Number of protein chains: 2
Amino acid sequence: MSSKALPSRNEDFSEWYNQLVIRSQLADYAPVRGCMVVRPYGWALWENITAYLDAAFKKTGHVNAAFPTLIPLSFFEKEKEHVEGFSPQLAVVTHGGGEELEEKLAVRPTSETMIGYMYSKWINSWRDLPLLIVQWGSVLRWELRTKLFLRTAEFYWHEGHTAHATAEEAQAEMLSILDIYEKFSLEEAAIPVIKGRKSDSERFPGAQITTSIEAMMWDRRALQAGTSHYFGPNFAKAFDIQFLDKNNILQYCETTSWAISSRMIGAIIMVHGDDQGLVLPPRLAPIQAVIVPIFKSDAEQVAVMSVADRIFGELKAAGIRVKLDDRDNMSPGFKFNDWEMRGVPVRIEIGPKDVEKEVAALARRDRLGKEGKSFVAQTDLVPAVAQLLQDIQSNLLQRATEYRDAHIHEPATYDELKQIVTDGWAYAWWCGRAECEAAIKEETRATTRCIPPNQPDELGSCIYCGQPATERVYLARAY
Amino acid sequence: MSSKALPSRNEDFSEWYNQLVIRSQLADYAPVRGCMVVRPYGWALWENITAYLDAAFKKTGHVNAAFPTLIPLSFFEKEKEHVEGFSPQLAVVTHGGGEELEEKLAVRPTSETMIGYMYSKWINSWRDLPLLIVQWGSVLRWELRTKLFLRTAEFYWHEGHTAHATAEEAQAEMLSILDIYEKFSLEEAAIPVIKGRKSDSERFPGAQITTSIEAMMWDRRALQAGTSHYFGPNFAKAFDIQFLDKNNILQYCETTSWAISSRMIGAIIMVHGDDQGLVLPPRLAPIQAVIVPIFKSDAEQVAVMSVADRIFGELKAAGIRVKLDDRDNMSPGFKFNDWEMRGVPVRIEIGPKDVEKEVAALARRDRLGKEGKSFVAQTDLVPAVAQLLQDIQSNLLQRATEYRDAHIHEPATYDELKQIVTDGWAYAWWCGRAECEAAIKEETRATTRCIPPNQPDELGSCIYCGQPATERVYLARAY
């Protein structure tokens with residue numbers, strides 16, 4: 001731990017991020033190009049994310065399973081768009097057990113092909129449908145420019161893969177997963193997101209429809225925080241996933257896949273963090289409250305630690321994830337900075353005067369300085385901390401929502417759009433043609449993010465070409 | 001699902017096992033040589049195993065983290081025994097992103113090397129110790145003769161890796177983990193195990209001490225069900241894991257590693273299963289109780305399903321993992337066989353007569369036929385099922401313990417040993433020399449399993465060479 005300050009976000013947002021991830025001990029660079037190590041503090045955060053999502057999937061009838069890490073290269077060639085999309089990103093195993101392999105194997109970049117192969121074995125009748133399987137694990141897509149959590153060769157995720165009897169059912173699944181992702185983002189990560197459909201050029205390789213949730217980072221760039229795809233019968237045809245329907249007619253399944261990855265941790269850092277460091281949403285924070293005892297003499301230490309120990313026990317018993325920082329080689333001030341940098345939502349300070357007055361000082365991470373400080377009676381501490389955690393959670397979402405909304409604009413002209421995307425998102429009419437999208441990207445570095453559903457029944461003109469447009473799209477520079 | 005009976009265990013234990021794993025839908029063969037797919041039923045069982053162990057590790061101060069799947073080949077060369085042990089088993093990535101790699105990468109067979117490298121970065125002072133990290137995931141060891149769960153190229157596990165300031169502390173860690181493994185086996189898997197030290201020839205490559213828990217399968221063969229290793233400073237020296245002690249002197253750490261893998265599922269199958277199929281211990285069973293409604297007429301269906309639904313809700317609310325089998329294309333008899341084959345501990349039958357009498361029939365999986373059947377008032381069902389689950393859990397452990405003890409013998413002569421290991425375990429004096437161990441293995445196919453601690457302070461003669469021996473060792477043919 002260095003006591004040197006982080007670069008400010010305004011000064012160098014990228015460097016602020018890079019240093020913060022390392023210094024907060026969320027993750028570290030691995031000695032394998034493009035790869036990361038997720039350290040215990042980062043993994044505890046990921047476990048809180050996965051626990052929520054795993055429960056939400058199970059509640060909606062999904063089950064978990066595990067498929068091999070290695071996939072025969074030939075599998076990728078069965079779906080044309082899929083092989084084009086993923087071939088350049090594969091890590092390839094050519095030798096096993098000291099011998100050259102007849103069939104080369106890829107470290108999985110995603111598992112549609114392997115799971116499609118197994119589904120074709122397992123699915124025979126309409127009674128086997130829907131099949132709703134989720135796999136938790138990691139995948140690997142060759143990547144040399146590492147940015148921890150945001151862009152690494154290996155990353156962590158879940159991948160849901162479902163097979164259905166009808167297109168309607170598969171599309172409903174795709175959308176209901178997107179709803180789970182949105183609810184998770186809002187209620188757990190405190191990140192407002194915009195749901196919508198991706199443009200054709202931004203579709204997942206092999207998908208007929210890709211939907212996503214898009215979030216605005218502090219630097220106003222967009223981050224795709226989760227995706228849910230509808231494949232139609234594409235993969236079913238490539239892997240021969242067929243079933244006998246109720247009329248005994250052989251049909252192809254309709255399939256979906258969807259994912260949220262450890263990228264979400266990057267989003268949490270970039271949406272909520274400030275110049276002092278991480279600001280973690282209480283519902284996901286590995287440590288929700290830290291107790292810092294303050295004393296000088298041995299007598300003070302005895303008195304303070306006795307109260308600190310008692311409070312620790314009370315908060316823990318109440319189900320609050322609490323830590324008592326009793327390190328004896330650091331000053332309270334150093335500890336304050338350290339836990340602020342690591343984003344712990346609530347700090348509880350106990351000094352000799354607090355012991356005397358039977359109070360404790362509470363400092364909330366989302367409001368630094370005097371504004372965020374309060375004193376509560378020790379007898380009220382458990383409900384006060386629980387309430388404060390809720391307040392911080394709501395405040396983070398409200399703050400991020402206001403921030404985002406203040407940086408989304410509707411351009412009337414293409415010149416306005418060019419200006420807007422230098423520092424925000426544009427919500428603009430688009431004719432739907434890939435040419436206009438490509439030209440905008442080329443000229444502004446902004447990409448189409450998503451097309452929200454349920455747009456008002458209006459007509460406009462494409463912000464680029466002026467031709468009639470029936471829908472509006474979000475455009476932004478993105479991670 | 002086929003209604004053909006399984007081979008009996010006596011007829012062909014190996015084939016009984018292979019067919020049962022597939023037909024119970026625990027796992028399936030993957031289209032990658034040596035690999036398996038763990039299906040949802042098998043993965044739910046694994047999740048119950050991991051949930052217990054994860055909680056036990058966290059309670060004892062361990063934290064989880066994630067290290068890369070790929071490890072530079074050169075890392076393996078840093079510890080002499082380790083490279084000799086694992087080199088022949090590696091799957092090697094030679095190409096990434098379409099190009100040949102300068103540094104070849106192995107799919108991890110175990111992570112001592114990668115984690116050792118990171119520990120050398122993270123550990124500086126005695127204040128950083130102990131470092132107690134667990135990784136959950138899969139590893140790959142090239143293997144062509146697949147036996148699902150027992151021997152597959154890729155398998156699932158946790159690997160604990162800890163670094164300590166002293167040898168005493170590291171050895172205590174190794175032993176306390178072995179205690180957790182033993183407690184898990186007894187209380188959760190209902191499998192009695194023998195704890196002990198491995199012989200030098202059976203040590204993990206690079207370890208100074210390897211300890212294990214050993215279990216007896218139904219065919220009297222042994223299965224190593226968990227291992228815990230003490231490395232001394234071997235890996236610390238290989239990876240330069242050093243710390244400044246309290247006197248400011250640079251010291252090498254002492255490290256440990258330990259694991260239980262998805263092999264444990266194979267043990268559960270082979271210890272408890274019978275000719276009808278799986279018998280899952282209630283504490284780990286994905287489904288603890290299944291309700292099978294029985295009716296002929298529509299009127300009966302209405303009456304029966306109304307009770308079945310109510311009972312389902314009551315059991316679920318009581319925290320029992322319950323399933324209501326309302327499939328309409330199968331007879332109750334077919335369902336009975338199906339759930340017996342899949343090892344569900346308790347079956348609850350509800351027919352029109354039961355509705356009338358306000359009772360339900362309970363059938364326990366560990367005692368088939370009339371002996372295992374009882375009727376309880378519907379109002380008493382929840383406590384009755386809860387009690388029955390506990391009884392089954394205890395009975396399985398007792399039965400397995402009696403079975404094991406009946407098949408362990410103490411040979412007085414080498415001829416007796418040769419006889420014993422054809423159908424059981426021998427507990428025999430051994431001089432400790434590798435030559436005797438190798439000769440016994442060569443002549444009997446039995447290997448040393450483990451040397452239990454706290455042996456009485458006696459002297460004996462080696463069962464093979466007759467030389468003085470201070471310890472006794474378990475010997476058995478093993479998986």
# chains A, B, ... in the order shown; residues from 1 in each chain; ligands from 1
>>> interface_residues(of="chain A", to="chain B", cutoff="6 Å", atoms="only C-alpha atoms", output="JSON, numbers by chain")
{"A": [37, 38, 39, 40, 43, 63, 64, 65, 66, 67, 88, 89, 90, 91, 92, 93, 95, 96, 97, 98, 142]}
>>> write_last_selection(atoms="N, CA, C and O atoms", output="short mmCIF file (atom, residue, chain, number, x, y, z; two decimals), in the first residue's frame")
data_model
loop_
_atom_site.label_atom_id
_atom_site.label_comp_id
_atom_site.auth_asym_id
_atom_site.auth_seq_id
_atom_site.Cartn_x
_atom_site.Cartn_y
_atom_site.Cartn_z
N VAL A 37 -5.26 -11.57 -12.52
CA VAL A 37 -5.58 -12.33 -11.31
C VAL A 37 -6.64 -11.52 -10.58
O VAL A 37 -6.45 -10.32 -10.36
N VAL A 38 -7.75 -12.14 -10.25
CA VAL A 38 -8.75 -11.46 -9.43
C VAL A 38 -8.41 -11.78 -7.98
O VAL A 38 -8.43 -12.94 -7.57
N ARG A 39 -8.03 -10.74 -7.23
CA ARG A 39 -7.58 -10.93 -5.85
C ARG A 39 -8.78 -11.13 -4.92
O ARG A 39 -9.93 -10.89 -5.31
N PRO A 40 -8.55 -11.57 -3.71
CA PRO A 40 -9.67 -11.89 -2.82
C PRO A 40 -10.71 -10.78 -2.67
O PRO A 40 -11.92 -11.06 -2.66
N TRP A 43 -12.67 -10.80 -5.83
CA TRP A 43 -13.46 -12.01 -6.00
C TRP A 43 -14.65 -12.01 -5.06
O TRP A 43 -15.74 -12.51 -5.40
N VAL A 63 -31.08 -23.99 -14.49
CA VAL A 63 -30.20 -24.89 -13.72
C VAL A 63 -28.77 -24.71 -14.22
O VAL A 63 -28.54 -24.29 -15.35
N ASN A 64 -27.82 -25.03 -13.35
CA ASN A 64 -26.41 -24.89 -13.71
C ASN A 64 -25.83 -26.22 -14.18
O ASN A 64 -26.28 -27.29 -13.77
N ALA A 65 -24.81 -26.14 -15.01
CA ALA A 65 -24.09 -27.33 -15.46
C ALA A 65 -22.69 -26.89 -15.87
O ALA A 65 -22.37 -25.70 -15.85
N ALA A 66 -21.84 -27.87 -16.21
CA ALA A 66 -20.47 -27.54 -16.60
C ALA A 66 -20.07 -28.30 -17.86
O ALA A 66 -20.21 -29.52 -17.93
N PHE A 67 -19.61 -27.54 -18.83
CA PHE A 67 -19.17 -28.09 -20.12
C PHE A 67 -17.66 -27.89 -20.24
O PHE A 67 -17.10 -27.00 -19.58
N PRO A 88 -10.38 -15.30 -35.07
CA PRO A 88 -9.17 -14.52 -34.80
C PRO A 88 -8.82 -14.41 -33.32
O PRO A 88 -7.74 -13.96 -32.97
N GLN A 89 -9.75 -14.82 -32.44
CA GLN A 89 -9.54 -14.61 -31.01
C GLN A 89 -9.19 -15.88 -30.25
O GLN A 89 -9.13 -15.86 -29.03
N LEU A 90 -8.98 -16.99 -30.96
CA LEU A 90 -8.84 -18.25 -30.26
C LEU A 90 -7.42 -18.54 -29.77
O LEU A 90 -6.45 -18.23 -30.44
N ALA A 91 -7.34 -19.15 -28.58
CA ALA A 91 -6.10 -19.75 -28.10
C ALA A 91 -6.22 -21.24 -28.42
O ALA A 91 -7.23 -21.85 -28.08
N VAL A 92 -5.21 -21.80 -29.07
CA VAL A 92 -5.35 -23.15 -29.61
C VAL A 92 -4.38 -24.14 -28.96
O VAL A 92 -3.17 -23.91 -28.93
N VAL A 93 -4.94 -25.24 -28.45
CA VAL A 93 -4.15 -26.33 -27.90
C VAL A 93 -3.82 -27.28 -29.04
O VAL A 93 -4.72 -27.81 -29.70
N HIS A 95 -1.01 -29.59 -28.58
CA HIS A 95 -0.31 -30.74 -28.02
C HIS A 95 -0.96 -31.14 -26.70
O HIS A 95 -1.33 -30.29 -25.89
N GLY A 96 -1.06 -32.45 -26.49
CA GLY A 96 -1.59 -32.95 -25.23
C GLY A 96 -0.85 -34.21 -24.84
O GLY A 96 -0.59 -35.07 -25.70
N GLY A 97 -0.48 -34.31 -23.57
CA GLY A 97 0.22 -35.51 -23.11
C GLY A 97 1.49 -35.78 -23.90
O GLY A 97 1.86 -36.92 -24.12
N GLY A 98 2.15 -34.71 -24.36
CA GLY A 98 3.43 -34.87 -25.05
C GLY A 98 3.33 -35.17 -26.53
O GLY A 98 4.33 -35.27 -27.22
N TRP A 142 -8.39 -14.07 -27.27
CA TRP A 142 -7.05 -13.54 -27.35
C TRP A 142 -7.07 -12.02 -27.44
O TRP A 142 -7.75 -11.45 -28.29
#
>>> select_by_dssp(residues="region 205-321 of chain A", states="alpha helix (DSSP H)", output="PyMOL selection string")
chain A and resi 234-239+263-272+298-317
>>> closest_residue(among="A:Ala5, A:Ala439, A:Leu280, A:Ile260", to="Gln224 (chain A)", atoms="only C-alpha atoms")
A:Ile260
>>> residues_around(residues="Pro453 (chain A)", least_positions_apart="3", cutoff="8 Å", atoms="only C-alpha atoms", output="ChimeraX atom specification")
/A:195-197
>>> closest_residue(among="A:Ala446, A:Ala51, A:Ala207, A:Met330", to="Thr227 (chain A)", atoms="only C-alpha atoms")
A:Ala207
>>> select_by_dssp(residues="region 279-349 of chain B", states="strand (DSSP E)", output="VMD selection string")
chain B and resid 289 to 293 322 to 324 346 to 349
>>> write_last_selection(atoms="N, CA and C atoms", output="tab-separated table (two decimals), in the first residue's frame")
chain	number	residue	atom	x	y	z
B	289	ALA	N	-36.67	-35.13	-1.40
B	289	ALA	CA	-37.95	-35.87	-1.34
B	289	ALA	C	-38.71	-35.61	-2.63
B	290	VAL	N	-39.27	-36.67	-3.17
B	290	VAL	CA	-40.07	-36.51	-4.38
B	290	VAL	C	-41.50	-36.98	-4.08
B	291	ILE	N	-42.47	-36.19	-4.52
B	291	ILE	CA	-43.87	-36.55	-4.32
B	291	ILE	C	-44.40	-37.16	-5.61
B	292	VAL	N	-44.92	-38.37	-5.51
B	292	VAL	CA	-45.51	-39.02	-6.69
B	292	VAL	C	-47.01	-39.19	-6.47
B	293	PRO	N	-47.81	-38.43	-7.19
B	293	PRO	CA	-49.26	-38.55	-7.07
B	293	PRO	C	-49.76	-39.77	-7.85
B	322	VAL	N	-37.63	-30.38	-2.32
B	322	VAL	CA	-38.69	-31.31	-2.70
B	322	VAL	C	-39.09	-31.11	-4.16
B	323	LYS	N	-39.49	-32.19	-4.80
B	323	LYS	CA	-39.97	-32.10	-6.18
B	323	LYS	C	-41.31	-32.82	-6.27
B	324	LEU	N	-42.23	-32.21	-7.00
B	324	LEU	CA	-43.52	-32.86	-7.26
B	324	LEU	C	-43.47	-33.38	-8.69
B	346	VAL	N	-36.09	-39.81	-0.17
B	346	VAL	CA	-37.45	-40.11	0.32
B	346	VAL	C	-38.46	-39.94	-0.81
B	347	ARG	N	-39.33	-40.94	-0.96
B	347	ARG	CA	-40.44	-40.82	-1.91
B	347	ARG	C	-41.74	-40.72	-1.12
B	348	ILE	N	-42.57	-39.78	-1.51
B	348	ILE	CA	-43.86	-39.61	-0.85
B	348	ILE	C	-44.95	-39.96	-1.86
B	349	GLU	N	-45.75	-40.98	-1.55
B	349	GLU	CA	-46.81	-41.39	-2.47
B	349	GLU	C	-48.15	-40.91	-1.94
>>> residues_around(residues="region 403-420 of chain B", least_positions_apart="6", cutoff="7 Å", atoms="only C-alpha atoms", output="list of chain:residue names")
B:Met216, B:Ala426, B:Tyr427, B:Ala428, B:Thr444, B:Ile463, B:Tyr464
>>> residues_around(residues="region 253-259 of chain B", least_positions_apart="5", cutoff="7 Å", atoms="only C-alpha atoms", output="PDB file with N, CA, C and O atoms, in the first residue's frame")
ATOM      1  N   TRP B 157     -12.696 -28.867  -9.005  1.00  0.00           N
ATOM      2  CA  TRP B 157     -12.149 -28.960  -7.651  1.00  0.00           C
ATOM      3  C   TRP B 157     -12.037 -27.587  -7.035  1.00  0.00           C
ATOM      4  O   TRP B 157     -12.375 -26.574  -7.647  1.00  0.00           O
ATOM      5  N   HIS B 158     -11.569 -27.572  -5.793  1.00  0.00           N
ATOM      6  CA  HIS B 158     -10.985 -26.355  -5.237  1.00  0.00           C
ATOM      7  C   HIS B 158      -9.531 -26.674  -5.013  1.00  0.00           C
ATOM      8  O   HIS B 158      -9.178 -27.838  -4.760  1.00  0.00           O
ATOM      9  N   GLU B 159      -8.696 -25.655  -5.093  1.00  0.00           N
ATOM     10  CA  GLU B 159      -7.315 -25.848  -4.684  1.00  0.00           C
ATOM     11  C   GLU B 159      -6.986 -24.752  -3.686  1.00  0.00           C
ATOM     12  O   GLU B 159      -7.088 -23.568  -3.984  1.00  0.00           O
ATOM     13  N   GLY B 160      -6.636 -25.155  -2.472  1.00  0.00           N
ATOM     14  CA  GLY B 160      -6.232 -24.205  -1.445  1.00  0.00           C
ATOM     15  C   GLY B 160      -4.728 -24.036  -1.499  1.00  0.00           C
ATOM     16  O   GLY B 160      -4.005 -25.021  -1.721  1.00  0.00           O
ATOM     17  N   HIS B 161      -4.272 -22.802  -1.359  1.00  0.00           N
ATOM     18  CA  HIS B 161      -2.828 -22.528  -1.371  1.00  0.00           C
ATOM     19  C   HIS B 161      -2.529 -21.555  -0.255  1.00  0.00           C
ATOM     20  O   HIS B 161      -3.054 -20.433  -0.272  1.00  0.00           O
ATOM     21  N   THR B 162      -1.725 -21.981   0.711  1.00  0.00           N
ATOM     22  CA  THR B 162      -1.471 -21.096   1.845  1.00  0.00           C
ATOM     23  C   THR B 162       0.023 -20.910   2.062  1.00  0.00           C
ATOM     24  O   THR B 162       0.833 -21.786   1.756  1.00  0.00           O
ATOM     25  N   ALA B 163       0.371 -19.723   2.565  1.00  0.00           N
ATOM     26  CA  ALA B 163       1.771 -19.407   2.875  1.00  0.00           C
ATOM     27  C   ALA B 163       1.845 -18.986   4.338  1.00  0.00           C
ATOM     28  O   ALA B 163       0.991 -18.229   4.812  1.00  0.00           O
ATOM     29  N   HIS B 164       2.869 -19.487   5.016  1.00  0.00           N
ATOM     30  CA  HIS B 164       2.991 -19.275   6.453  1.00  0.00           C
ATOM     31  C   HIS B 164       4.413 -18.865   6.819  1.00  0.00           C
ATOM     32  O   HIS B 164       5.351 -19.086   6.052  1.00  0.00           O
ATOM     33  N   ALA B 165       4.534 -18.339   8.061  1.00  0.00           N
ATOM     34  CA  ALA B 165       5.855 -17.910   8.539  1.00  0.00           C
ATOM     35  C   ALA B 165       6.681 -19.079   9.045  1.00  0.00           C
ATOM     36  O   ALA B 165       7.910 -19.053   8.973  1.00  0.00           O
ATOM     37  N   THR B 166       6.018 -20.115   9.562  1.00  0.00           N
ATOM     38  CA  THR B 166       6.785 -21.212  10.155  1.00  0.00           C
ATOM     39  C   THR B 166       6.299 -22.573   9.667  1.00  0.00           C
ATOM     40  O   THR B 166       5.153 -22.724   9.221  1.00  0.00           O
ATOM     41  N   ALA B 167       7.187 -23.556   9.791  1.00  0.00           N
ATOM     42  CA  ALA B 167       6.860 -24.932   9.405  1.00  0.00           C
ATOM     43  C   ALA B 167       5.732 -25.475  10.273  1.00  0.00           C
ATOM     44  O   ALA B 167       4.829 -26.162   9.781  1.00  0.00           O
ATOM     45  N   ALA B 170       2.416 -24.142   9.049  1.00  0.00           N
ATOM     46  CA  ALA B 170       2.027 -24.721   7.758  1.00  0.00           C
ATOM     47  C   ALA B 170       1.561 -26.159   7.945  1.00  0.00           C
ATOM     48  O   ALA B 170       0.561 -26.587   7.350  1.00  0.00           O
ATOM     49  N   MET B 174      -2.114 -27.800   7.145  1.00  0.00           N
ATOM     50  CA  MET B 174      -2.322 -29.033   6.369  1.00  0.00           C
ATOM     51  C   MET B 174      -3.242 -30.002   7.127  1.00  0.00           C
ATOM     52  O   MET B 174      -4.183 -30.558   6.553  1.00  0.00           O
ATOM     53  N   GLY B 226      -9.375 -36.998  -0.967  1.00  0.00           N
ATOM     54  CA  GLY B 226      -8.954 -35.618  -0.710  1.00  0.00           C
ATOM     55  C   GLY B 226      -7.503 -35.651  -0.275  1.00  0.00           C
ATOM     56  O   GLY B 226      -7.047 -36.647   0.304  1.00  0.00           O
ATOM     57  N   THR B 227      -6.756 -34.598  -0.599  1.00  0.00           N
ATOM     58  CA  THR B 227      -5.339 -34.562  -0.210  1.00  0.00           C
ATOM     59  C   THR B 227      -4.974 -33.185   0.325  1.00  0.00           C
ATOM     60  O   THR B 227      -5.559 -32.174  -0.075  1.00  0.00           O
ATOM     61  N   SER B 228      -4.004 -33.181   1.225  1.00  0.00           N
ATOM     62  CA  SER B 228      -3.513 -31.926   1.806  1.00  0.00           C
ATOM     63  C   SER B 228      -2.002 -32.047   1.915  1.00  0.00           C
ATOM     64  O   SER B 228      -1.490 -33.009   2.499  1.00  0.00           O
ATOM     65  N   HIS B 229      -1.301 -31.097   1.287  1.00  0.00           N
ATOM     66  CA  HIS B 229       0.160 -31.206   1.162  1.00  0.00           C
ATOM     67  C   HIS B 229       0.904 -30.112   1.920  1.00  0.00           C
ATOM     68  O   HIS B 229       0.472 -28.961   1.942  1.00  0.00           O
ATOM     69  N   TYR B 230       2.045 -30.496   2.456  1.00  0.00           N
ATOM     70  CA  TYR B 230       2.977 -29.540   3.057  1.00  0.00           C
ATOM     71  C   TYR B 230       4.224 -29.515   2.183  1.00  0.00           C
ATOM     72  O   TYR B 230       4.823 -30.567   1.927  1.00  0.00           O
ATOM     73  N   PHE B 231       4.598 -28.306   1.726  1.00  0.00           N
ATOM     74  CA  PHE B 231       5.723 -28.205   0.794  1.00  0.00           C
ATOM     75  C   PHE B 231       7.032 -27.819   1.463  1.00  0.00           C
ATOM     76  O   PHE B 231       8.052 -27.766   0.784  1.00  0.00           O
ATOM     77  N   GLY B 232       6.987 -27.496   2.770  1.00  0.00           N
ATOM     78  CA  GLY B 232       8.184 -26.895   3.351  1.00  0.00           C
ATOM     79  C   GLY B 232       8.484 -25.621   2.576  1.00  0.00           C
ATOM     80  O   GLY B 232       7.561 -24.949   2.091  1.00  0.00           O
ATOM     81  N   PRO B 233       9.755 -25.275   2.394  1.00  0.00           N
ATOM     82  CA  PRO B 233      10.081 -24.064   1.631  1.00  0.00           C
ATOM     83  C   PRO B 233      10.302 -24.352   0.143  1.00  0.00           C
ATOM     84  O   PRO B 233      10.783 -23.490  -0.577  1.00  0.00           O
ATOM     85  N   ALA B 236       8.489 -21.981  -2.130  1.00  0.00           N
ATOM     86  CA  ALA B 236       8.933 -20.622  -1.777  1.00  0.00           C
ATOM     87  C   ALA B 236      10.313 -20.367  -2.378  1.00  0.00           C
ATOM     88  O   ALA B 236      10.586 -19.271  -2.878  1.00  0.00           O
ATOM     89  N   ILE B 241       9.388 -16.748  -2.673  1.00  0.00           N
ATOM     90  CA  ILE B 241       8.364 -16.190  -1.779  1.00  0.00           C
ATOM     91  C   ILE B 241       9.017 -15.947  -0.425  1.00  0.00           C
ATOM     92  O   ILE B 241       9.186 -16.861   0.386  1.00  0.00           O
ATOM     93  N   GLN B 242       9.414 -14.699  -0.204  1.00  0.00           N
ATOM     94  CA  GLN B 242      10.152 -14.366   1.012  1.00  0.00           C
ATOM     95  C   GLN B 242       9.455 -13.270   1.799  1.00  0.00           C
ATOM     96  O   GLN B 242       8.713 -12.467   1.232  1.00  0.00           O
ATOM     97  N   PHE B 243       9.712 -13.241   3.089  1.00  0.00           N
ATOM     98  CA  PHE B 243       9.122 -12.190   3.932  1.00  0.00           C
ATOM     99  C   PHE B 243      10.142 -11.739   4.973  1.00  0.00           C
ATOM    100  O   PHE B 243      11.040 -12.508   5.348  1.00  0.00           O
TER     101      PHE B 243
END
>>> atom_distance(atom1="CA of Glu81 (chain A)", atom2="CA of Trp425 (chain A)")
29.6 Å
>>> closest_residue(among="A:Pro352, A:Ile49, A:Glu182, A:Glu300", to="Ile194 (chain A)", atoms="only C-alpha atoms")
A:Glu182
>>> residues_around(residues="Leu388 (chain B)", least_positions_apart="6", cutoff="10 Å", atoms="only C-alpha atoms", output="list in words")
Pro282, Pro345, Val346, Leu362, Ala363, Arg364, Val382 and Ser394 of chain B
>>> atom_distance(atom1="CA of Arg433 (chain B)", atom2="CA of Cys465 (chain B)")
9.6 Å
>>> residues_around(residues="Glu77 (chain B)", least_positions_apart="6", cutoff="12 Å", atoms="only C-alpha atoms", output="PyMOL selection string")
chain B and resi 71+83-87+113+206+235+238-239
>>> closest_residue(among="A:Ala285, A:Ile180, A:Ala476, A:Ile440", to="Arg220 (chain A)", atoms="only C-alpha atoms")
A:Ala476
>>> decode(residues="region 196-207 of chain A", atoms="N, CA and C atoms", output="PDB file, in the first residue's frame")
ATOM      1  N   GLY A 196     -31.997  -2.274 -24.783  1.00  0.00           N
ATOM      2  CA  GLY A 196     -32.417  -2.137 -26.172  1.00  0.00           C
ATOM      3  C   GLY A 196     -31.792  -3.187 -27.059  1.00  0.00           C
ATOM      4  N   ARG A 197     -32.070  -3.033 -28.353  1.00  0.00           N
ATOM      5  CA  ARG A 197     -31.621  -3.970 -29.378  1.00  0.00           C
ATOM      6  C   ARG A 197     -30.357  -3.414 -30.007  1.00  0.00           C
ATOM      7  N   LYS A 198     -29.408  -4.273 -30.298  1.00  0.00           N
ATOM      8  CA  LYS A 198     -28.198  -3.847 -30.984  1.00  0.00           C
ATOM      9  C   LYS A 198     -28.470  -3.708 -32.483  1.00  0.00           C
ATOM     10  N   SER A 199     -27.697  -2.867 -33.128  1.00  0.00           N
ATOM     11  CA  SER A 199     -27.791  -2.781 -34.594  1.00  0.00           C
ATOM     12  C   SER A 199     -27.231  -4.075 -35.192  1.00  0.00           C
ATOM     13  N   ASP A 200     -27.503  -4.294 -36.477  1.00  0.00           N
ATOM     14  CA  ASP A 200     -27.025  -5.516 -37.124  1.00  0.00           C
ATOM     15  C   ASP A 200     -25.506  -5.652 -37.047  1.00  0.00           C
ATOM     16  N   SER A 201     -24.820  -4.538 -37.187  1.00  0.00           N
ATOM     17  CA  SER A 201     -23.354  -4.638 -37.206  1.00  0.00           C
ATOM     18  C   SER A 201     -22.791  -4.919 -35.815  1.00  0.00           C
ATOM     19  N   GLU A 202     -23.577  -4.674 -34.788  1.00  0.00           N
ATOM     20  CA  GLU A 202     -23.106  -4.905 -33.421  1.00  0.00           C
ATOM     21  C   GLU A 202     -23.656  -6.211 -32.840  1.00  0.00           C
ATOM     22  N   ARG A 203     -24.361  -6.987 -33.675  1.00  0.00           N
ATOM     23  CA  ARG A 203     -24.902  -8.262 -33.202  1.00  0.00           C
ATOM     24  C   ARG A 203     -23.801  -9.251 -32.845  1.00  0.00           C
ATOM     25  N   PHE A 204     -24.108 -10.166 -31.936  1.00  0.00           N
ATOM     26  CA  PHE A 204     -23.224 -11.274 -31.588  1.00  0.00           C
ATOM     27  C   PHE A 204     -23.118 -12.198 -32.803  1.00  0.00           C
ATOM     28  N   PRO A 205     -21.915 -12.719 -33.075  1.00  0.00           N
ATOM     29  CA  PRO A 205     -21.742 -13.540 -34.280  1.00  0.00           C
ATOM     30  C   PRO A 205     -22.631 -14.799 -34.271  1.00  0.00           C
ATOM     31  N   GLY A 206     -23.618 -14.814 -35.142  1.00  0.00           N
ATOM     32  CA  GLY A 206     -24.523 -15.959 -35.231  1.00  0.00           C
ATOM     33  C   GLY A 206     -25.915 -15.657 -34.708  1.00  0.00           C
ATOM     34  N   ALA A 207     -26.077 -14.509 -34.033  1.00  0.00           N
ATOM     35  CA  ALA A 207     -27.382 -14.164 -33.461  1.00  0.00           C
ATOM     36  C   ALA A 207     -28.290 -13.507 -34.486  1.00  0.00           C
TER      37      ALA A 207
END
